[in-house]
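Enquirer: Structure incoming, see below.
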Amino acid sequence: MSEIRVRFAPSPTGLLHIGGARTALFNWLYARHFGGKMILRIEDTDTARNTPEAVAIIFKGLRWLGLDWDEGAREDGGADGDRGPYFQSQRLPIYQRYVEQLLAADHAYREADGAVRFRLPRTPGVVKDLICGEITFDRSHEPDPTIFRKDGSPVFHFVNVVDDLEMRITHVIRGEDHLSNTHKHIAMFEALGATPPQYAHIPLILNPGGSKMSKRDEGASIGEYMEQGYLPAAVRNYLCLLGWSPKDNREKISLSEVVEKFDLAQIHRGNARFDLNKLYWLNGEYWKELTPSAYHAYARDYLARRGVNLAAVDDRYLDGALDIVREKIKLGRDLPDWLEPFLDEEFAYDEKSLTVTLKEPQAAARIEKIRAAFGAVADGEWTAAKLEETLKALAVADGVKVGGYVHPCRAGVAGRAVGPSLYHMLEVMGKERVLARLRRTLRKI
RNA sequence: GACCCCAUCGUCUAGAGGCCUAGGACACCACCCUCUCAAGGUGGACACACGGGUUCGAAUCCCGUUGGGGUCGCCA
């Protein structure tokens, strides 16, 4: 058997659609599993919405997901491989050559206005699909598809076939929305005297409402996940689970393992509905597993992208803050808010601190005691354990639960009712900063 | 409307005739842990769309109904 060649052929629409991303992923997995070639072709024939920015978004999304390709379009507009060009906008002469071939063989005919139609055979159209099985279409009443418009531009169905033929694609793995048209594609291959590729139609990703995901739907764009601070490994893992399963009750599975186990035969037949909850959870699983240095690097990069100025922040202080905040959140999106109390000495007080905790009659007295007790802690002993001991001793002396001291302390030092472990937060902030903040709060009350 | 595909908990799925009084995960609920919020732990509720067959036996096979999705463009 000859080499397996699969392709991902997106059109630049301004976003990398989640369904497209999964199609890319499944093609990639198939190629990697069988040692075949992955080809990227940009279907940029719709000049209206085809812009350099829109093309760049596709490259960016694929790179982010870690999907590489062996042949095809390059970011710089060039190409790797010798079956190009890989941008359809550069292939018009090829399409013209092929349409002439069809015309000459009477497999196509020209309308009065100049448009060209493919003469669809009236015999039953048989599609042998690797996922859906053998399907027969009755096309005795199907209209002949237009393959060239009257303005001289070629139509999708035709260019798709010509490109797959020219690029020697052996397996076409695409969304099920193309299934009903596949018999036409096969007929075109045959009219061109070529053997059609093997087709595999994967189920669609539906929005939570149950219809085809559109670009308007929340979560439809890979770009959203980048912005929200999802981890590419988690998104990739989630996408694998939509329509495919390792069959052993595991949810978290490494890419290399998926490559090893992947096959088209086990792809689920029904459409999958998109569920953000599971992705969110999965992201948390990957979030926990980041190595400290990978996490620090990721967080810095994310914060920078979100416009958080870290220039004045001490590196070790930031790392410490990042470390204790990490276990509280699941993705980058929550980083700026959780970090804010660490970074801003002029931090604001939240609703609960303002109206409840700091309003309680004993608040000032307790914070004063905390300040005094903390002030007495030796610099070398400023650890979470020591601070916990100190605060608890205060509570015991007062005959109150430790919460009676924890809450005002948290409000006094961070202005928030909710935050990371108080003792660890105090340790990271350091004695000097904590005392200064407590003094500031005292002045506020 | 015609044609095509699909049908297991709310969601993603395991299940290829007996192992299923249907398993896992997310979400949900309760309890535990606890300085808040999470995380974690324990437990719980929740599904084979319906009707006919076939078979000793059906979630699994067949037919029908219903439901959902897709395609029928000189969009891609």
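To be explicit about the labels: the chains of the structure tokens are called A, B, and onward in the order shown, and within each one the residues are counted from 1, while ligands get numbers from 1 in the order they are shown.
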Excluding same-chain residues fewer than 3 positions from C72 of chain B, what lies within 9 Å of it counting only C-alpha atoms (C1' of nucleotides), as an MDAnalysis selection string?
Expert: (chainID A and resid 142 180:181) or (chainID B and resid 2:3)
Enquirer: Go through segment 242-281 of chain A and collect every residue that DSSP, computed from the backbone, puts in helix (DSSP H, G or I); the answer should be as a list in words.
Expert: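 Checking each residue of segment 242-281 of chain A, the helix (DSSP H, G or I) ones are Leu255, Ser256, Glu257, Val258, Val259, Glu260, Lys261, Leu264, Ala265, Gln266, Leu276, Asn277, Lys278, Leu279, Tyr280 and Trp281 of chain A.
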Enquirer: Go ahead and save the picked residues with C-alpha atoms, as a compact mmCIF listing (two decimals), in the first residue's frame.
Expert:
# COMPACT_ATOMS: atom_id res chain seq x y z
CA LEU A 255 -1.05 12.74 22.94
CA SER A 256 1.46 10.00 22.26
CA GLU A 257 -0.94 7.45 23.63
CA VAL A 258 -3.76 8.73 21.47
CA VAL A 259 -1.48 8.53 18.45
CA GLU A 260 -0.75 4.95 19.34
CA LYS A 261 -4.38 3.94 19.83
CA LEU A 264 -11.07 5.66 12.40
CA ALA A 265 -12.99 2.45 13.01
CA GLN A 266 -13.67 3.31 16.64
CA LEU A 276 -17.55 23.54 28.52
CA ASN A 277 -17.70 22.02 32.01
CA LYS A 278 -15.68 19.02 31.11
CA LEU A 279 -13.04 21.04 29.31
CA TYR A 280 -12.79 23.30 32.34
CA TRP A 281 -12.28 20.34 34.62
Enquirer: Could you check the closest approach to chain A for each of B:C62, B:A14, B:C31, B:C50 and tell me which residue wins, using only C-alpha atoms (C1' of nucleotides)?
Expert: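 Among B:C62, B:A14, B:C31, B:C50, it is B:A14 that comes nearest to chain A.
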Enquirer: When distances are computed from only C-alpha atoms (C1' of nucleotides), which of B:U36, B:U21, B:U8, B:U65 shows the smallest separation from chain A?
Expert: B:U36
Enquirer: Would you pick out the contacts of segment 5-10 of chain A at 6 Å or less, using only C-alpha atoms (C1' of nucleotides), so that residues sharing its chain but fewer than 2 positions from it are not included, and give the list as a list in words?
Expert: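 Skipping anything fewer than 2 positions along the chain leaves Ala24, Gly36, Lys37, Met38, Ile39, Leu40, Arg41, Ile42, Glu43, Ile169, Thr170 and His171 of chain A.
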Enquirer: With a cut-off of 12 Å and counting only C-alpha atoms (C1' of nucleotides), select all residues of chain B in contact with chain A and give the selection as a VMD selection string.
Expert: chain B and resid 2 to 8 10 to 16 23 to 28 34 to 40 68 to 76
Enquirer: So that I can see what lies close to His296 of chain A, please list as a list of chain:residue names the residues with an atom at most 12 Å from it, counting only C-alpha atoms (C1' of nucleotides) and leaving out residues fewer than 5 positions away in the same chain.
Expert: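 Skipping anything fewer than 5 positions along the chain leaves A:Trp287, A:Leu290, A:Thr291, A:Asp301, A:Tyr302, A:Leu303, A:Asp315, A:Arg316, A:Tyr317, A:Leu318, A:Asp319, A:Gly320, A:Ala321, A:Leu322, A:Asp323, A:Ile324, A:Val325, A:Arg326, A:Gly332, A:Leu335.
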Enquirer: Just N, CA, C and O atoms for this one: save the residues we selected as a PDB file, in the first residue's frame.
Expert:
ATOM      1  N   TRP A 287      -3.493  21.735  34.553  1.00  0.00           N
ATOM      2  CA  TRP A 287      -2.989  22.901  35.303  1.00  0.00           C
ATOM      3  C   TRP A 287      -2.175  22.430  36.502  1.00  0.00           C
ATOM      4  O   TRP A 287      -1.095  22.925  36.777  1.00  0.00           O
ATOM      5  N   LEU A 290       1.422  20.996  35.595  1.00  0.00           N
ATOM      6  CA  LEU A 290       2.482  21.827  35.030  1.00  0.00           C
ATOM      7  C   LEU A 290       3.686  21.795  35.975  1.00  0.00           C
ATOM      8  O   LEU A 290       3.513  21.883  37.190  1.00  0.00           O
ATOM      9  N   THR A 291       4.870  21.705  35.447  1.00  0.00           N
ATOM     10  CA  THR A 291       6.039  21.803  36.323  1.00  0.00           C
ATOM     11  C   THR A 291       6.099  23.242  36.818  1.00  0.00           C
ATOM     12  O   THR A 291       5.576  24.146  36.164  1.00  0.00           O
ATOM     13  N   ASP A 301       3.666  34.903  30.949  1.00  0.00           N
ATOM     14  CA  ASP A 301       3.302  35.193  29.573  1.00  0.00           C
ATOM     15  C   ASP A 301       1.830  35.583  29.481  1.00  0.00           C
ATOM     16  O   ASP A 301       1.454  36.538  28.808  1.00  0.00           O
ATOM     17  N   TYR A 302       1.003  34.839  30.186  1.00  0.00           N
ATOM     18  CA  TYR A 302      -0.429  35.125  30.136  1.00  0.00           C
ATOM     19  C   TYR A 302      -0.737  36.505  30.712  1.00  0.00           C
ATOM     20  O   TYR A 302      -1.480  37.291  30.142  1.00  0.00           O
ATOM     21  N   LEU A 303      -0.124  36.778  31.871  1.00  0.00           N
ATOM     22  CA  LEU A 303      -0.346  38.072  32.522  1.00  0.00           C
ATOM     23  C   LEU A 303       0.112  39.219  31.609  1.00  0.00           C
ATOM     24  O   LEU A 303      -0.558  40.240  31.494  1.00  0.00           O
ATOM     25  N   ASP A 315      10.855  39.142  41.240  1.00  0.00           N
ATOM     26  CA  ASP A 315      10.644  37.818  40.661  1.00  0.00           C
ATOM     27  C   ASP A 315      10.282  36.750  41.681  1.00  0.00           C
ATOM     28  O   ASP A 315       9.385  35.947  41.464  1.00  0.00           O
ATOM     29  N   ARG A 316      10.989  36.745  42.776  1.00  0.00           N
ATOM     30  CA  ARG A 316      10.738  35.697  43.766  1.00  0.00           C
ATOM     31  C   ARG A 316       9.390  35.890  44.445  1.00  0.00           C
ATOM     32  O   ARG A 316       8.688  34.949  44.755  1.00  0.00           O
ATOM     33  N   TYR A 317       9.048  37.142  44.638  1.00  0.00           N
ATOM     34  CA  TYR A 317       7.753  37.448  45.239  1.00  0.00           C
ATOM     35  C   TYR A 317       6.637  36.982  44.308  1.00  0.00           C
ATOM     36  O   TYR A 317       5.671  36.337  44.722  1.00  0.00           O
ATOM     37  N   LEU A 318       6.784  37.269  43.034  1.00  0.00           N
ATOM     38  CA  LEU A 318       5.775  36.862  42.059  1.00  0.00           C
ATOM     39  C   LEU A 318       5.671  35.344  41.995  1.00  0.00           C
ATOM     40  O   LEU A 318       4.562  34.788  42.007  1.00  0.00           O
ATOM     41  N   ASP A 319       6.789  34.676  41.967  1.00  0.00           N
ATOM     42  CA  ASP A 319       6.750  33.213  41.934  1.00  0.00           C
ATOM     43  C   ASP A 319       6.033  32.654  43.161  1.00  0.00           C
ATOM     44  O   ASP A 319       5.232  31.731  43.062  1.00  0.00           O
ATOM     45  N   GLY A 320       6.338  33.244  44.306  1.00  0.00           N
ATOM     46  CA  GLY A 320       5.702  32.784  45.537  1.00  0.00           C
ATOM     47  C   GLY A 320       4.198  32.980  45.472  1.00  0.00           C
ATOM     48  O   GLY A 320       3.423  32.096  45.847  1.00  0.00           O
ATOM     49  N   ALA A 321       3.796  34.132  45.003  1.00  0.00           N
ATOM     50  CA  ALA A 321       2.366  34.421  44.891  1.00  0.00           C
ATOM     51  C   ALA A 321       1.712  33.473  43.894  1.00  0.00           C
ATOM     52  O   ALA A 321       0.641  32.907  44.143  1.00  0.00           O
ATOM     53  N   LEU A 322       2.375  33.278  42.772  1.00  0.00           N
ATOM     54  CA  LEU A 322       1.834  32.375  41.751  1.00  0.00           C
ATOM     55  C   LEU A 322       1.655  30.968  42.324  1.00  0.00           C
ATOM     56  O   LEU A 322       0.647  30.304  42.074  1.00  0.00           O
ATOM     57  N   ASP A 323       2.619  30.547  43.111  1.00  0.00           N
ATOM     58  CA  ASP A 323       2.560  29.193  43.645  1.00  0.00           C
ATOM     59  C   ASP A 323       1.369  28.960  44.558  1.00  0.00           C
ATOM     60  O   ASP A 323       0.727  27.916  44.498  1.00  0.00           O
ATOM     61  N   ILE A 324       1.079  29.917  45.424  1.00  0.00           N
ATOM     62  CA  ILE A 324      -0.021  29.653  46.349  1.00  0.00           C
ATOM     63  C   ILE A 324      -1.385  29.924  45.720  1.00  0.00           C
ATOM     64  O   ILE A 324      -2.405  29.472  46.207  1.00  0.00           O
ATOM     65  N   VAL A 325      -1.375  30.624  44.611  1.00  0.00           N
ATOM     66  CA  VAL A 325      -2.625  30.930  43.931  1.00  0.00           C
ATOM     67  C   VAL A 325      -3.013  29.785  42.987  1.00  0.00           C
ATOM     68  O   VAL A 325      -4.178  29.535  42.714  1.00  0.00           O
ATOM     69  N   ARG A 326      -2.019  29.077  42.547  1.00  0.00           N
ATOM     70  CA  ARG A 326      -2.234  28.050  41.528  1.00  0.00           C
ATOM     71  C   ARG A 326      -3.296  27.014  41.899  1.00  0.00           C
ATOM     72  O   ARG A 326      -4.152  26.664  41.102  1.00  0.00           O
ATOM     73  N   GLY A 332      -5.725  30.254  33.213  1.00  0.00           N
ATOM     74  CA  GLY A 332      -5.091  31.561  33.221  1.00  0.00           C
ATOM     75  C   GLY A 332      -6.029  32.718  33.458  1.00  0.00           C
ATOM     76  O   GLY A 332      -5.663  33.711  34.090  1.00  0.00           O
ATOM     77  N   LEU A 335      -6.044  34.248  36.850  1.00  0.00           N
ATOM     78  CA  LEU A 335      -4.777  34.719  37.402  1.00  0.00           C
ATOM     79  C   LEU A 335      -4.781  36.201  37.790  1.00  0.00           C
ATOM     80  O   LEU A 335      -4.411  36.544  38.915  1.00  0.00           O
TER      81      LEU A 335
END
Enquirer: G44 of chain B: which residues within 10 Å, counting only C-alpha atoms (C1' of nucleotides), same-chain residues fewer than 2 positions away excluded, as a ChimeraX atom specification?
Expert: /B:29-30,46
Enquirer: Which of segment 93-330 of chain A counts as strand (DSSP E or B) under DSSP, as a PyMOL selection string please?
Expert: chain A and resi 108-110+116-118+125-129+133-137+146-148+154+171-175+198-202+205-206+212+221+272-273
Enquirer: Just to confirm, what's the straight-line distance from atom CA of Lys386 of chain A to atom CA of Glu346 of chain A in Å (one decimal)?
Expert: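 For atom CA of Lys386 of chain A relative to atom CA of Glu346 of chain A, the distance reads 26.6 Å.
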Enquirer: Could you give me, as a PyMOL selection string, the residues within 8 Å of G17 of chain B, counting only C-alpha atoms (C1' of nucleotides) and dropping anything in the same chain fewer than 3 positions from it?
Expert: chain B and resi 57-58+60
